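Trainee: Here it is, the structure in full.
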Amino acid sequence: MSRLVRLILILLLLISVPGMAYVWLMPVEYFQTWMIERANPDQYSQFAAHEQGQAMTVLLRILFPLLVILTTAGFIFYHRVVALADHSWQTLKQLTSLQQPGRTYLFRVLLISWFILGLVHFAGGVSQRIEDWPWYHFRPGSDMMANISDSNRDVIRFAKQATEEDARILVLSDQKLFFLSYYLLPRKLFHPLHPESEFVIPKEFQQRQLKAYRLSELDTDYLNKIAPDYILEYYEGGDYLEKERLMEDPHWLAFMQSQYGPDYEPSFNVRLRKFQKPEPQFNAAPQKQEATP
């Protein structure tokens, strides 16, 4: 065991020290250029390679010094490391020993396979994290909102900013917005789906227009039943787009201009307003009329 520990420490030393010197002496641009030269020539791939090169450099600049510290500590406390490794090995052999040699061998093979599988999954997770780094960085998925359109992201961020967390929102749209309820949690959303669109699969860029409800088509009893705090109207398709109402909601317009600049002009309808509950009307009691002489 002593020779094995010494061999492992020497290998770690030969890898970590030159590796640390290399990644710290070479500039970040060197690794970014190396990644860009091996990426596809399109702008999307070039951007991804540039950011991934930076992520890999930072990761290696953290990993190699840690290996150097661990290796140095291993040499300093060499006898303790050997004793710990020997004790751990004997304990592991004892714990994995079964009554029959065949079962013992099978159990140890399965245990080693499980450990290797864990390392493979860990390496795959790190690789995926580096691959997603250009877009996510340290931002969570709830902020990035992957796999949805830019307009959907804008509507979600606007509604999240403009409404309270416990709000009840009635959504009228010509899109299937199942993801809206997730990203706007803990708000409660109501999205009446038109019967003709219930089993229709939408296509990107409104290539397949879905039937939708307009606010005027909903009766008062339905609105009073769900009692929403807000009504959100969101239409993109040509059958429901009202160009004369693109700038009707000043809050939506101000939000989009804060995101894309003061020259931004909306290309789809978004209107968010508070729901005004009708005041109950009570019939006045008939007044007693005096008898006329």
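Each chain in the structure tokens gets a letter, A, B, ..., in the order shown, and its residues are numbered from 1; ligands are numbered from 1 in order too.
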Residues within 6 Å of region 257-273 of chain A, please, as a ChimeraX atom specification. Count only C-alpha atoms; anything in the same chain fewer than 3 positions from it doesn't count.
Mentor: /A:230-236,246,249,254
Trainee: Looking only at strand (DSSP E) from DSSP on the backbone, list the matching residues of region 197-265 of chain A as a list in words.
Mentor: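 The residues of region 197-265 of chain A classed as strand (DSSP E) are Tyr230, Ile231, Leu232, Glu233, Tyr234 and Tyr235 of chain A.
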Trainee: Taking the DSSP secondary structure from the backbone, can you list the residues of region 53-272 of chain A that are alpha helix (DSSP H), as a VMD selection string?
Mentor: chain A and resid 53 to 76 78 to 95 101 to 136 141 to 144 150 to 162 178 to 183 220 to 226 250 to 260
Trainee: Using only C-alpha atoms, which protein or nucleic acid residues come within 12 Å of Gly74 (chain A)? Drop anything in the same chain fewer than 3 positions from it, and give the result as a PyMOL selection string.
Mentor: chain A and resi 5-10+12-13+67-71+77-85
Trainee: Keeping only N, CA and C atoms, write the selected residues as a PDB file, in the first residue's frame.
Mentor:
ATOM      1  N   VAL A   5       0.553   4.321  -2.735  1.00  0.00           N
ATOM      2  CA  VAL A   5       0.277   5.708  -2.343  1.00  0.00           C
ATOM      3  C   VAL A   5       1.370   6.633  -2.860  1.00  0.00           C
ATOM      4  N   ARG A   6       2.640   6.192  -2.747  1.00  0.00           N
ATOM      5  CA  ARG A   6       3.748   7.017  -3.229  1.00  0.00           C
ATOM      6  C   ARG A   6       3.649   7.218  -4.742  1.00  0.00           C
ATOM      7  N   LEU A   7       3.285   6.168  -5.468  1.00  0.00           N
ATOM      8  CA  LEU A   7       3.157   6.270  -6.926  1.00  0.00           C
ATOM      9  C   LEU A   7       2.047   7.244  -7.312  1.00  0.00           C
ATOM     10  N   ILE A   8       0.919   7.157  -6.618  1.00  0.00           N
ATOM     11  CA  ILE A   8      -0.201   8.062  -6.920  1.00  0.00           C
ATOM     12  C   ILE A   8       0.183   9.510  -6.639  1.00  0.00           C
ATOM     13  N   LEU A   9       0.868   9.752  -5.532  1.00  0.00           N
ATOM     14  CA  LEU A   9       1.279  11.116  -5.198  1.00  0.00           C
ATOM     15  C   LEU A   9       2.274  11.668  -6.209  1.00  0.00           C
ATOM     16  N   ILE A  10       3.193  10.827  -6.667  1.00  0.00           N
ATOM     17  CA  ILE A  10       4.172  11.284  -7.661  1.00  0.00           C
ATOM     18  C   ILE A  10       3.474  11.625  -8.978  1.00  0.00           C
ATOM     19  N   LEU A  12       0.330  12.560  -9.357  1.00  0.00           N
ATOM     20  CA  LEU A  12      -0.413  13.804  -9.151  1.00  0.00           C
ATOM     21  C   LEU A  12       0.510  15.011  -9.179  1.00  0.00           C
ATOM     22  N   LEU A  13       1.699  14.862  -8.625  1.00  0.00           N
ATOM     23  CA  LEU A  13       2.659  15.962  -8.621  1.00  0.00           C
ATOM     24  C   LEU A  13       3.121  16.293 -10.036  1.00  0.00           C
ATOM     25  N   LEU A  67      -5.289  20.412  -6.725  1.00  0.00           N
ATOM     26  CA  LEU A  67      -4.508  19.173  -6.813  1.00  0.00           C
ATOM     27  C   LEU A  67      -3.112  19.353  -6.223  1.00  0.00           C
ATOM     28  N   VAL A  68      -2.512  20.513  -6.462  1.00  0.00           N
ATOM     29  CA  VAL A  68      -1.182  20.778  -5.896  1.00  0.00           C
ATOM     30  C   VAL A  68      -1.250  20.794  -4.370  1.00  0.00           C
ATOM     31  N   ILE A  69      -2.272  21.436  -3.825  1.00  0.00           N
ATOM     32  CA  ILE A  69      -2.413  21.498  -2.365  1.00  0.00           C
ATOM     33  C   ILE A  69      -2.626  20.104  -1.782  1.00  0.00           C
ATOM     34  N   LEU A  70      -3.499  19.318  -2.412  1.00  0.00           N
ATOM     35  CA  LEU A  70      -3.755  17.966  -1.914  1.00  0.00           C
ATOM     36  C   LEU A  70      -2.511  17.084  -2.022  1.00  0.00           C
ATOM     37  N   THR A  71      -1.783  17.214  -3.128  1.00  0.00           N
ATOM     38  CA  THR A  71      -0.570  16.412  -3.299  1.00  0.00           C
ATOM     39  C   THR A  71       0.494  16.799  -2.275  1.00  0.00           C
ATOM     40  N   PHE A  77       1.989  14.655   5.117  1.00  0.00           N
ATOM     41  CA  PHE A  77       1.388  13.690   6.051  1.00  0.00           C
ATOM     42  C   PHE A  77       1.386  12.291   5.424  1.00  0.00           C
ATOM     43  N   TYR A  78       2.528  11.930   4.863  1.00  0.00           N
ATOM     44  CA  TYR A  78       2.610  10.686   4.089  1.00  0.00           C
ATOM     45  C   TYR A  78       2.247   9.463   4.930  1.00  0.00           C
ATOM     46  N   HIS A  79       2.807   9.343   6.110  1.00  0.00           N
ATOM     47  CA  HIS A  79       2.572   8.151   6.933  1.00  0.00           C
ATOM     48  C   HIS A  79       1.103   8.063   7.360  1.00  0.00           C
ATOM     49  N   ARG A  80       0.498   9.199   7.656  1.00  0.00           N
ATOM     50  CA  ARG A  80      -0.921   9.185   8.012  1.00  0.00           C
ATOM     51  C   ARG A  80      -1.787   8.789   6.813  1.00  0.00           C
ATOM     52  N   VAL A  81      -1.409   9.268   5.642  1.00  0.00           N
ATOM     53  CA  VAL A  81      -2.165   8.923   4.432  1.00  0.00           C
ATOM     54  C   VAL A  81      -2.062   7.428   4.157  1.00  0.00           C
ATOM     55  N   VAL A  82      -0.864   6.875   4.325  1.00  0.00           N
ATOM     56  CA  VAL A  82      -0.683   5.437   4.108  1.00  0.00           C
ATOM     57  C   VAL A  82      -1.506   4.635   5.111  1.00  0.00           C
ATOM     58  N   ALA A  83      -1.466   5.049   6.375  1.00  0.00           N
ATOM     59  CA  ALA A  83      -2.236   4.340   7.400  1.00  0.00           C
ATOM     60  C   ALA A  83      -3.732   4.430   7.120  1.00  0.00           C
ATOM     61  N   LEU A  84      -4.200   5.615   6.709  1.00  0.00           N
ATOM     62  CA  LEU A  84      -5.619   5.784   6.398  1.00  0.00           C
ATOM     63  C   LEU A  84      -6.023   4.946   5.191  1.00  0.00           C
ATOM     64  N   ALA A  85      -5.186   4.934   4.162  1.00  0.00           N
ATOM     65  CA  ALA A  85      -5.493   4.150   2.965  1.00  0.00           C
ATOM     66  C   ALA A  85      -5.521   2.660   3.284  1.00  0.00           C
TER      67      ALA A  85
END
Trainee: To one decimal place, how far is CA of Arg187 (chain A) from CA of Asp166 (chain A) in Å?
Mentor: 5.0 Å
Trainee: Let me make sure I understand: among A:Ala159, A:Val17, A:Ala212, A:Leu189, which one has the smallest atom-to-atom distance to Asp174 (chain A) if we use only C-alpha atoms?
Mentor: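 So, comparing all the options, the nearest one is A:Ala212.
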Trainee: For Val23 (chain A), work out the shell of residues within 12 Å, counting only C-alpha atoms and skipping chain neighbours fewer than 2 positions away, then give it as a PyMOL selection string.
Mentor: chain A and resi 16-21+25-31+53-54+56-65
